[in-house]
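Read through the structure below, which is laid out as structure tokens, and then see the notes.
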Amino acid sequence: MTASKNVPAASGLVKIQKDKDNGNTKLDIKVEHLANPSTLSPPANAYIVWIRPNGSVDAIKQGAIRMDKNLNAELKVVTVAKDFDLFVTAEQSESTEQPSDFTVLETHVSLQ
């Protein structure tokens, strides 16, 4: 994953696996050195993982990613999407339903 200039020390890795039984896409997202969201400018309260299927304008929330005391985090999710943008945003609340413009990590995933 590519880090934004807002969190230049952050790094992210996504392991992708296609489920042999149903064809879904399994994602294991690991993030390191992601700053505490309260230290960002402007401050935030949570990091949320989103996917935006190719050709869609709407993003689908996958869940919050929570850091441990060493600023590392992991989130495992499953999606039916095969070609999509995966991104992490800083948000004011975990209950948000739309991503903010404060993207901290992003990548594109394509399984054919």
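The chains in the structure tokens are called A, B, ... from first to last as shown; in each chain the residues are counted from 1, and the ligands are counted from 1 in the order shown.
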Item to complete: Would you list, as a PyMOL selection string, the residues of range 13-65 of chain A that end up in strand (DSSP E or B) under DSSP run on this structure's backbone?
Response: chain A and resi 13-18+25-32+46-53+60-65
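Neighbours of range 2-18 of chain A closer than or equal to 8 Å, with only C-alpha atoms counted and sequence neighbours fewer than 5 positions away skipped, come out as Gly23, Asn24, Thr25, Lys26, Leu27, Asp28, Ile29, Lys30, Val31, Glu32, His33, Leu34, Ala35, Leu40, Thr103, Val104, Leu105, Glu106 and Thr107 of chain A.
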Kindly export the residues of the current selection with N, CA and C atoms, as a CSV table (one decimal), in the first residue's frame.
chain,number,residue,atom,x,y,z
A,23,GLY,N,-15.1,-18.4,-4.5
A,23,GLY,CA,-14.5,-17.4,-5.3
A,23,GLY,C,-14.4,-16.0,-4.7
A,24,ASN,N,-14.8,-15.8,-3.5
A,24,ASN,CA,-14.6,-14.5,-2.8
A,24,ASN,C,-13.1,-14.2,-2.6
A,25,THR,N,-12.9,-12.9,-2.4
A,25,THR,CA,-11.5,-12.4,-2.2
A,25,THR,C,-11.3,-12.2,-0.8
A,26,LYS,N,-10.3,-12.9,-0.2
A,26,LYS,CA,-9.9,-12.8,1.2
A,26,LYS,C,-8.7,-11.8,1.3
A,27,LEU,N,-8.8,-10.8,2.2
A,27,LEU,CA,-7.8,-9.8,2.3
A,27,LEU,C,-7.2,-9.9,3.8
A,28,ASP,N,-5.9,-9.9,3.9
A,28,ASP,CA,-5.3,-9.8,5.2
A,28,ASP,C,-4.4,-8.5,5.1
A,29,ILE,N,-4.9,-7.5,5.8
A,29,ILE,CA,-4.3,-6.2,5.7
A,29,ILE,C,-3.5,-5.9,7.0
A,30,LYS,N,-2.2,-5.7,6.8
A,30,LYS,CA,-1.3,-5.4,7.9
A,30,LYS,C,-0.7,-4.0,7.7
A,31,VAL,N,-0.7,-3.3,8.8
A,31,VAL,CA,-0.3,-1.9,8.7
A,31,VAL,C,0.8,-1.7,9.9
A,32,GLU,N,1.8,-1.0,9.6
A,32,GLU,CA,2.9,-0.6,10.5
A,32,GLU,C,3.1,0.9,10.6
A,33,HIS,N,3.5,1.4,11.7
A,33,HIS,CA,3.9,2.8,11.9
A,33,HIS,C,2.8,3.8,11.5
A,34,LEU,N,1.6,3.4,11.7
A,34,LEU,CA,0.5,4.3,11.4
A,34,LEU,C,0.3,5.2,12.7
A,35,ALA,N,0.4,6.5,12.5
A,35,ALA,CA,0.3,7.4,13.7
A,35,ALA,C,-1.0,7.3,14.4
A,40,LEU,N,-3.0,13.4,14.2
A,40,LEU,CA,-3.1,13.9,12.8
A,40,LEU,C,-3.6,15.4,12.8
A,103,THR,N,-7.3,10.3,3.1
A,103,THR,CA,-6.8,8.9,2.8
A,103,THR,C,-5.3,8.8,3.4
A,104,VAL,N,-5.0,7.8,4.1
A,104,VAL,CA,-3.7,7.6,4.6
A,104,VAL,C,-2.9,6.5,3.9
A,105,LEU,N,-3.6,5.5,3.4
A,105,LEU,CA,-3.0,4.4,2.7
A,105,LEU,C,-3.9,4.0,1.6
A,106,GLU,N,-3.3,3.5,0.4
A,106,GLU,CA,-4.2,3.1,-0.7
A,106,GLU,C,-3.4,2.1,-1.6
A,107,THR,N,-4.2,1.3,-2.3
A,107,THR,CA,-3.7,0.4,-3.3
A,107,THR,C,-4.8,0.0,-4.2
Worksheet item: Quick one: distance from CA of Thr39 in chain A to CA of Asp68 in chain A in Å, one decimal?
Response: 15.3 Å
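Between Gln98 in chain A and the candidates A:Asp83, A:Ile48, A:Asn54, A:Ala73, the tightest atom-to-atom separation, counting only C-alpha atoms, involves A:Ile48.
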Worksheet entry | Neighbour list for Gly55 in chain A as a PyMOL selection string, cut-off 12 Å, only C-alpha atoms, skip fewer than 5 positions in-chain | chain A and resi 81-85
Worksheet item: Contacts of Ile65 in chain A at 9 Å or less, counting only C-alpha atoms, minus same-chain residues fewer than 2 places along, as a ChimeraX atom specification?
Response: /A:31,46-49,63,67,73-75,88
Discussion item. Give me, as a ChimeraX atom specification, all polymer residues having an atom no more than 9 Å from Glu91 in chain A, counting only C-alpha atoms and skipping those fewer than 6 positions away in the same chain.
Written reply: /A:37,43-48,99-100,102
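Among the candidates A:Glu94, A:Asp101, A:Asp19, A:Asp58, the residue lying nearest to Val80 in chain A is A:Asp19 (atoms considered: only C-alpha atoms).
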